[in-house]
$ cat work08.cif   # mmCIF, C-alpha atoms
data_work
#
loop_
_atom_site.label_atom_id
_atom_site.label_comp_id
_atom_site.auth_asym_id
_atom_site.auth_seq_id
_atom_site.Cartn_x
_atom_site.Cartn_y
_atom_site.Cartn_z
CA MET A 27 0.00 0.00 0.00
CA ALA A 28 1.35 3.43 -0.91
CA ALA A 29 1.88 5.91 1.93
CA ASN A 30 0.00 8.64 0.10
CA ASP A 31 -3.14 6.47 0.25
CA LEU A 32 -3.18 6.70 4.07
CA ARG A 33 -3.92 9.32 6.66
CA MET A 34 -3.66 9.51 10.43
CA GLU A 35 -6.49 10.76 12.66
CA VAL A 36 -5.69 12.08 16.15
CA ALA A 37 -8.44 12.72 18.70
CA LEU A 38 -9.00 13.89 22.28
CA GLU A 39 -12.77 13.54 22.68
CA GLU A 40 -14.29 16.10 20.26
CA HIS A 41 -10.92 17.68 19.43
CA ARG A 42 -9.74 16.04 16.20
CA LEU A 43 -7.01 16.38 13.62
CA ALA A 44 -6.38 14.56 10.31
CA LEU A 45 -2.83 14.26 8.99
CA ALA A 46 -1.39 12.95 5.78
CA VAL A 47 1.04 10.10 6.31
CA VAL A 48 4.16 11.12 4.41
CA PRO A 49 7.41 9.26 5.26
CA GLU A 50 10.69 10.06 3.52
CA SER A 51 9.17 9.39 0.09
CA ALA A 52 5.46 10.02 -0.50
CA GLY A 53 5.27 7.28 -3.12
CA ARG A 54 7.07 4.72 -1.00
CA VAL A 55 5.41 1.32 -0.62
CA TRP A 56 5.13 0.27 2.99
CA LEU A 57 6.44 -3.07 4.13
CA ALA A 58 5.31 -5.05 7.15
CA GLY A 59 7.09 -3.95 10.32
CA LEU A 60 7.94 -0.46 9.07
CA ARG A 61 8.09 2.18 11.81
CA TRP A 62 8.14 5.97 11.57
CA ALA A 63 7.99 8.98 13.86
CA THR A 64 5.88 12.10 13.38
CA GLN A 65 4.91 15.26 15.26
CA PHE A 66 1.60 17.09 15.34
CA ARG A 67 -0.23 19.95 16.99
CA LEU A 68 -3.78 19.18 18.06
CA PRO A 69 -5.89 22.36 18.36
CA ILE A 70 -8.11 22.53 21.46
CA SER A 71 -11.33 24.54 21.25
CA CYS A 72 -11.26 27.83 23.16
CA LYS A 73 -14.56 26.68 24.72
CA ALA A 74 -13.15 23.35 25.92
CA LEU A 75 -14.14 22.09 29.36
CA ASP A 76 -11.96 20.33 31.91
CA ALA A 77 -11.39 16.75 30.80
CA GLN A 78 -9.15 13.74 31.24
CA THR A 79 -9.29 11.47 28.23
CA PRO A 80 -6.99 9.10 26.34
CA LEU A 81 -5.28 10.21 23.18
CA GLU A 82 -6.51 8.11 20.27
CA VAL A 83 -4.62 7.67 17.01
CA ARG A 84 -6.07 5.84 14.01
CA LEU A 85 -4.53 4.89 10.70
CA VAL A 86 -7.16 4.94 7.95
CA ASP A 87 -7.10 4.27 4.22
CA ALA A 88 -8.27 6.57 1.44
CA SER A 89 -11.89 5.49 1.89
CA GLY A 90 -11.84 6.13 5.66
CA VAL A 91 -11.63 2.49 6.73
CA PRO A 92 -9.53 2.19 9.92
CA LEU A 93 -6.51 -0.08 9.57
CA ALA A 94 -5.15 0.31 13.09
CA THR A 95 -6.10 2.12 16.31
CA TRP A 96 -3.87 3.10 19.23
CA ARG A 97 -5.18 4.46 22.52
CA GLY A 98 -2.49 6.24 24.47
CA PRO A 99 -2.22 7.54 28.02
CA LEU A 100 -4.74 9.86 29.63
CA VAL A 101 -4.27 13.50 28.67
CA THR A 102 -5.54 16.28 30.93
CA VAL A 103 -7.29 19.28 29.40
CA ALA A 104 -7.23 22.03 32.06
CA ALA A 105 -9.69 24.73 30.98
CA ASP A 106 -9.68 26.47 34.39
CA ARG A 107 -13.38 27.33 34.26
CA VAL A 108 -15.63 28.22 37.21
CA PHE A 109 -19.36 27.51 37.32
CA ALA A 110 -20.23 28.61 40.86
CA LEU A 111 -20.50 32.15 42.19
CA PRO A 112 -18.05 33.06 44.95
CA GLU A 113 -19.38 33.98 48.36
CA GLY A 114 -19.67 37.56 49.54
CA ILE A 115 -20.50 39.29 46.27
CA LEU A 116 -23.27 41.85 45.81
CA SER A 117 -26.25 40.69 43.80
CA ALA A 118 -27.08 42.03 40.34
CA SER A 119 -29.45 40.91 37.61
CA GLY A 120 -29.08 41.93 33.98
CA ASP A 121 -29.84 39.87 30.88
CA PHE A 122 -27.58 41.11 28.08
CA GLY A 123 -28.48 40.21 24.55
CA PRO A 124 -30.91 38.72 25.50
CA GLY A 125 -29.34 35.36 26.22
CA PHE A 126 -25.76 36.44 25.52
CA ALA A 127 -24.74 36.71 29.18
CA GLU A 128 -26.11 37.64 32.58
CA LEU A 129 -24.58 40.05 35.03
CA VAL A 130 -25.13 38.15 38.28
CA GLY A 131 -23.04 40.05 40.83
CA TYR A 132 -20.20 42.44 41.58
CA THR A 133 -17.78 43.65 44.23
CA VAL A 134 -16.22 47.07 44.81
CA THR A 135 -12.86 47.13 46.58
CA PRO A 136 -11.48 48.74 48.62
CA GLU A 137 -14.10 50.86 50.39
CA VAL A 138 -14.59 53.81 48.07
CA ARG A 139 -13.19 57.02 49.55
CA ALA A 140 -12.50 60.35 47.90
CA GLY A 141 -9.38 60.30 45.76
CA THR A 142 -8.69 56.58 46.34
CA PRO A 143 -8.46 54.26 43.33
CA PHE A 144 -10.88 51.34 43.45
CA THR A 145 -11.81 48.26 41.42
CA ILE A 146 -15.23 46.98 40.45
CA THR A 147 -15.24 43.27 39.66
CA LEU A 148 -18.19 42.10 37.59
CA TYR A 149 -19.41 38.50 37.63
CA TRP A 150 -20.90 37.29 34.36
CA ARG A 151 -22.73 34.03 33.69
CA ALA A 152 -22.16 33.08 30.06
CA GLY A 153 -25.01 32.28 27.72
CA GLU A 154 -24.72 31.85 23.96
CA THR A 155 -21.82 34.22 23.37
CA GLY A 156 -20.97 33.26 19.78
CA ASP A 157 -17.72 34.07 18.01
CA THR A 158 -17.75 37.89 18.09
CA PRO A 159 -15.55 39.46 20.79
CA TYR A 160 -17.31 42.03 22.98
CA SER A 161 -15.72 44.71 25.13
CA VAL A 162 -16.93 45.82 28.55
CA PHE A 163 -17.42 49.46 29.44
CA VAL A 164 -17.62 50.82 32.99
CA HIS A 165 -18.53 54.52 33.20
CA VAL A 166 -18.69 56.64 36.33
CA THR A 167 -21.34 59.32 35.77
CA PRO A 168 -23.35 61.88 37.76
CA PRO A 169 -26.29 60.35 39.67
CA ASP A 170 -29.01 61.83 37.45
CA ALA A 171 -27.60 61.66 33.89
CA PRO A 172 -25.42 59.42 31.68
CA GLY A 173 -22.92 62.23 31.20
CA PRO A 174 -20.57 63.89 31.40
CA LEU A 175 -18.29 60.97 32.23
CA VAL A 176 -16.35 61.37 35.45
CA THR A 177 -14.03 58.48 34.55
CA GLN A 178 -14.21 55.13 32.78
CA HIS A 179 -12.55 51.81 32.03
CA ASP A 180 -13.08 49.80 28.82
CA GLY A 181 -11.59 46.52 27.63
CA TRP A 182 -12.04 42.85 26.96
CA PRO A 183 -13.14 40.90 30.05
CA ALA A 184 -10.53 40.03 32.68
CA PHE A 185 -7.91 42.33 31.09
CA GLY A 186 -8.18 40.35 27.84
CA ALA A 187 -7.63 36.94 29.47
CA LYS A 188 -11.30 35.91 29.01
CA PRO A 189 -12.62 37.25 25.68
CA THR A 190 -16.33 36.59 25.29
CA TYR A 191 -15.91 34.18 22.38
CA THR A 192 -14.12 31.75 24.74
CA TRP A 193 -16.93 31.66 27.34
CA ALA A 194 -18.66 28.31 27.86
CA ARG A 195 -22.38 28.29 28.60
CA GLY A 196 -22.99 28.60 32.37
CA GLU A 197 -19.42 29.65 33.14
CA ILE A 198 -18.86 32.39 35.74
CA ILE A 199 -16.34 35.01 34.61
CA ALA A 200 -14.74 37.37 37.14
CA ASP A 201 -14.04 40.61 35.29
CA ALA A 202 -12.09 43.32 37.15
CA HIS A 203 -12.07 46.99 36.10
CA PRO A 204 -9.77 49.42 37.96
CA LEU A 205 -10.89 53.03 38.26
CA PRO A 206 -9.08 56.13 39.55
CA GLY A 207 -10.18 57.96 42.66
CA VAL A 208 -12.98 60.52 42.34
CA PRO A 209 -14.21 63.32 44.62
CA ALA A 210 -16.68 62.57 47.41
CA GLY A 211 -20.30 62.45 46.33
CA SER A 212 -23.00 60.30 44.74
CA TYR A 213 -22.46 58.71 41.33
CA ARG A 214 -23.66 55.92 39.10
CA LEU A 215 -21.62 53.09 37.65
CA ARG A 216 -23.01 52.47 34.16
CA LEU A 217 -21.72 49.33 32.51
CA GLY A 218 -22.37 47.07 29.58
CA LEU A 219 -21.07 45.13 26.59
CA TYR A 220 -20.43 46.38 23.07
CA ASP A 221 -18.83 45.54 19.72
CA ALA A 222 -18.32 47.48 16.51
CA ALA A 223 -22.08 47.39 15.82
CA GLY A 224 -22.99 48.98 19.16
CA ARG A 225 -24.08 48.04 22.67
CA LEU A 226 -25.92 44.89 23.67
CA ALA A 227 -29.39 45.61 24.99
CA ILE A 228 -30.26 44.72 28.59
CA TYR A 229 -33.62 43.09 29.23
CA ASP A 230 -35.71 42.47 32.33
CA ASP A 231 -38.99 40.65 32.95
CA THR A 232 -41.14 43.75 32.63
CA SER A 233 -42.65 45.42 29.59
CA THR A 234 -40.28 48.39 29.72
CA PRO A 235 -37.98 48.90 26.70
CA PRO A 236 -34.48 47.42 27.01
CA GLU A 237 -31.64 49.61 28.25
CA ASP A 238 -28.11 49.81 26.85
CA ALA A 239 -26.32 50.13 30.22
CA PHE A 240 -26.72 48.61 33.66
CA ASP A 241 -26.77 51.06 36.59
CA ILE A 242 -25.16 50.57 40.00
CA PRO A 243 -25.31 53.40 42.56
CA LEU A 244 -21.95 54.51 43.94
CA VAL A 245 -21.40 56.65 47.04
CA VAL A 246 -17.88 57.99 47.57
CA THR A 247 -17.22 59.01 51.17
CA PRO A 248 -14.86 61.86 52.14
#

$ encode --input "work08.cif" --output "structure tokens"
Amino acid sequence: MAANDLRMEVALEEHRLALAVVPESAGRVWLAGLRWATQFRLPISCKALDAQTPLEVRLVDASGVPLATWRGPLVTVAADRVFALPEGILSASGDFGPGFAELVGYTVTPEVRAGTPFTITLYWRAGETGDTPYSVFVHVTPPDAPGPLVTQHDGWPAFGAKPTYTWARGEIIADAHPLPGVPAGSYRLRLGLYDAAGRLAIYDDTSTPPEDAFDIPLVVTP
């Protein structure tokens, strides 16, 4: 059998790769007992979940009929995903999309005092996020109007470490946004998700029209 009539299929669960079998000469006829070495890179989906599964390698002919199968050692896929909310966060409820993601909670640390930088960490529960990357905006505004902006922070979630197209359904994403200190007073934190086409709408279970930003009151003490 000619080598160029064969291919090798490598699989870790749903992650699969097909390779042409090409020894030193593509037209070479294989003899019984022939051995060869090869290298490959097996892409893992950016939405992969934690798994421990054996590596499987199959040799198949041109029509797809398997000629040999080898099951190797267990390989660990460490996706480092979290599906439970941490304790001690403040509750929030915002359905972005709808069905894209939910804002389910947040924290503000340290205690917000005049002139002291602080960080708001948003907790998202992923829905059907698709393949388009969305940025997060966090605006600090006056208490009674969406502008003028006092300060803001924009960026991909988790400083770019968790872009939305990598989120798995049900996953909890901790998304920190540092903000500079502001003068004492009452403000609003207005936040949301957007791409080049605009902001995602935010829905609730009432008949009111959707909003394009989620509001959190912010009091900065002297």

$ closest_atom_pairs --input "work08.cif" --of "stretch 98-183 of chain A" --to "stretch 73-77 of chain A" --cutoff "12 Å" --atoms "all atoms listed in the file" --output "tab-separated table"
residue	atom	partner	partner_atom	distance
A:Leu100	CA	A:Ala77	CA	9.6
A:Val101	CA	A:Ala77	CA	8.1
A:Thr102	CA	A:Ala77	CA	5.9
A:Val103	CA	A:Ala77	CA	5.0
A:Ala104	CA	A:Asp76	CA	5.0
A:Ala105	CA	A:Asp76	CA	5.0
A:Asp106	CA	A:Asp76	CA	7.0
A:Arg107	CA	A:Leu75	CA	7.2
A:Val108	CA	A:Leu75	CA	10.1
A:Phe109	CA	A:Leu75	CA	11.0
A:Ala152	CA	A:Lys73	CA	11.3
A:Glu154	CA	A:Lys73	CA	11.4
A:Thr155	CA	A:Lys73	CA	10.6
A:Gly156	CA	A:Lys73	CA	10.4
A:Asp157	CA	A:Lys73	CA	10.5

$ resolve_selection --input "work08.cif" --expression "the PyMOL selection byres ((chain A and resi 119-134) around 8)" --output "ChimeraX atom specification"
/A:115-118,135-138,144-155,219,226-230,240

$ residues_around --input "work08.cif" --residues "stretch 37-49 of chain A" --least-positions-apart "6" --cutoff "9 Å" --atoms "only C-alpha atoms" --output "list in words"
Ala29, Asn30, Asp31, Trp62, Ala63, Thr64, Phe66, Arg67, Leu68, Pro69, Ile70, Ser71, Ala74, Ala77, Gln78, Thr79, Pro80, Leu81, Glu82, Val83, Arg84, Leu85 and Val101 of chain A

$ resolve_selection --input "work08.cif" --expression "the PyMOL selection byres ((chain A and resi 88) around 6)" --output "VMD selection string"
chain A and resid 31 to 32 87 89 to 90

$ closest_residue --input "work08.cif" --among "A:Tyr160, A:Asp201, A:Thr247, A:Leu60" --to "A:Arg225" --atoms "all atoms listed in the file"
A:Tyr160

$ closest_residue --input "work08.cif" --among "A:Val245, A:Ala187, A:Thr95, A:Leu111" --to "A:Pro209" --atoms "only C-alpha atoms"
A:Val245

$ closest_residue --input "work08.cif" --among "A:Met34, A:Ala239, A:Cys72, A:Val208" --to "A:Pro143" --atoms "all atoms listed in the file"
A:Val208

$ closest_residue --input "work08.cif" --among "A:Gly141, A:Gly211, A:Pro235, A:Gly186" --to "A:Pro168" --atoms "all atoms listed in the file"
A:Gly211

$ atom_distance --input "work08.cif" --atom1 "atom CA of A:Asp238" --atom2 "atom CA of A:Glu113"
28.1 Å

$ closest_residue --input "work08.cif" --among "A:Ala171, A:Leu217, A:Val246, A:Leu205" --to "A:Arg139" --atoms "all atoms listed in the file"
A:Val246

$ atom_distance --input "work08.cif" --atom1 "atom CA of A:Asp241" --atom2 "atom CA of A:Arg214"
6.3 Å

$ residues_around --input "work08.cif" --residues "A:Asp221" --least-positions-apart "6" --cutoff "12 Å" --atoms "all atoms listed in the file" --output "MDAnalysis selection string"
chainID A and resid 157:163 180:182 189:190 227

$ resolve_selection --input "work08.cif" --expression "the PyMOL selection byres ((chain A and resi 170) around 12)" --output "PyMOL selection string"
chain A and resi 166-169+171-175+212-216+241+243

$ closest_residue --input "work08.cif" --among "A:Leu57, A:Ala110, A:His165, A:Leu244" --to "A:Glu197" --atoms "only C-alpha atoms"
A:Ala110

$ atom_distance --input "work08.cif" --atom1 "atom CA of A:Gln65" --atom2 "atom CA of A:Trp96"
15.5 Å

$ build_atoms --input "work08.cif" --residues "stretch 143-154 of chain A" --atoms "N, CA and C atoms" --output "mmCIF file, in the frame of the given file"
data_model
loop_
_atom_site.group_PDB
_atom_site.id
_atom_site.type_symbol
_atom_site.label_atom_id
_atom_site.label_comp_id
_atom_site.auth_asym_id
_atom_site.auth_seq_id
_atom_site.Cartn_x
_atom_site.Cartn_y
_atom_site.Cartn_z
ATOM 1 N N PRO A 143 -8.124 55.177 44.422
ATOM 2 C CA PRO A 143 -8.460 54.260 43.330
ATOM 3 C C PRO A 143 -9.218 53.035 43.855
ATOM 4 N N PHE A 144 -10.112 52.507 43.043
ATOM 5 C CA PHE A 144 -10.880 51.340 43.450
ATOM 6 C C PHE A 144 -11.109 50.449 42.231
ATOM 7 N N THR A 145 -11.562 49.233 42.489
ATOM 8 C CA THR A 145 -11.810 48.260 41.420
ATOM 9 C C THR A 145 -13.204 47.689 41.561
ATOM 10 N N ILE A 146 -13.958 47.698 40.477
ATOM 11 C CA ILE A 146 -15.230 46.980 40.450
ATOM 12 C C ILE A 146 -14.989 45.683 39.685
ATOM 13 N N THR A 147 -15.351 44.567 40.307
ATOM 14 C CA THR A 147 -15.240 43.270 39.660
ATOM 15 C C THR A 147 -16.640 42.774 39.338
ATOM 16 N N LEU A 148 -16.890 42.563 38.073
ATOM 17 C CA LEU A 148 -18.190 42.100 37.590
ATOM 18 C C LEU A 148 -18.159 40.580 37.472
ATOM 19 N N TYR A 149 -19.285 39.954 37.770
ATOM 20 C CA TYR A 149 -19.410 38.500 37.630
ATOM 21 C C TYR A 149 -20.476 38.206 36.590
ATOM 22 N N TRP A 150 -20.026 37.630 35.472
ATOM 23 C CA TRP A 150 -20.900 37.290 34.360
ATOM 24 C C TRP A 150 -21.188 35.796 34.349
ATOM 25 N N ARG A 151 -22.409 35.434 33.986
ATOM 26 C CA ARG A 151 -22.730 34.030 33.690
ATOM 27 C C ARG A 151 -22.947 33.935 32.181
ATOM 28 N N ALA A 152 -22.137 33.134 31.515
ATOM 29 C CA ALA A 152 -22.160 33.080 30.060
ATOM 30 C C ALA A 152 -23.413 32.391 29.544
ATOM 31 N N GLY A 153 -23.932 32.922 28.451
ATOM 32 C CA GLY A 153 -25.010 32.280 27.720
ATOM 33 C C GLY A 153 -24.485 31.795 26.380
ATOM 34 N N GLU A 154 -25.181 32.183 25.306
ATOM 35 C CA GLU A 154 -24.720 31.850 23.960
ATOM 36 C C GLU A 154 -23.929 33.044 23.419
#
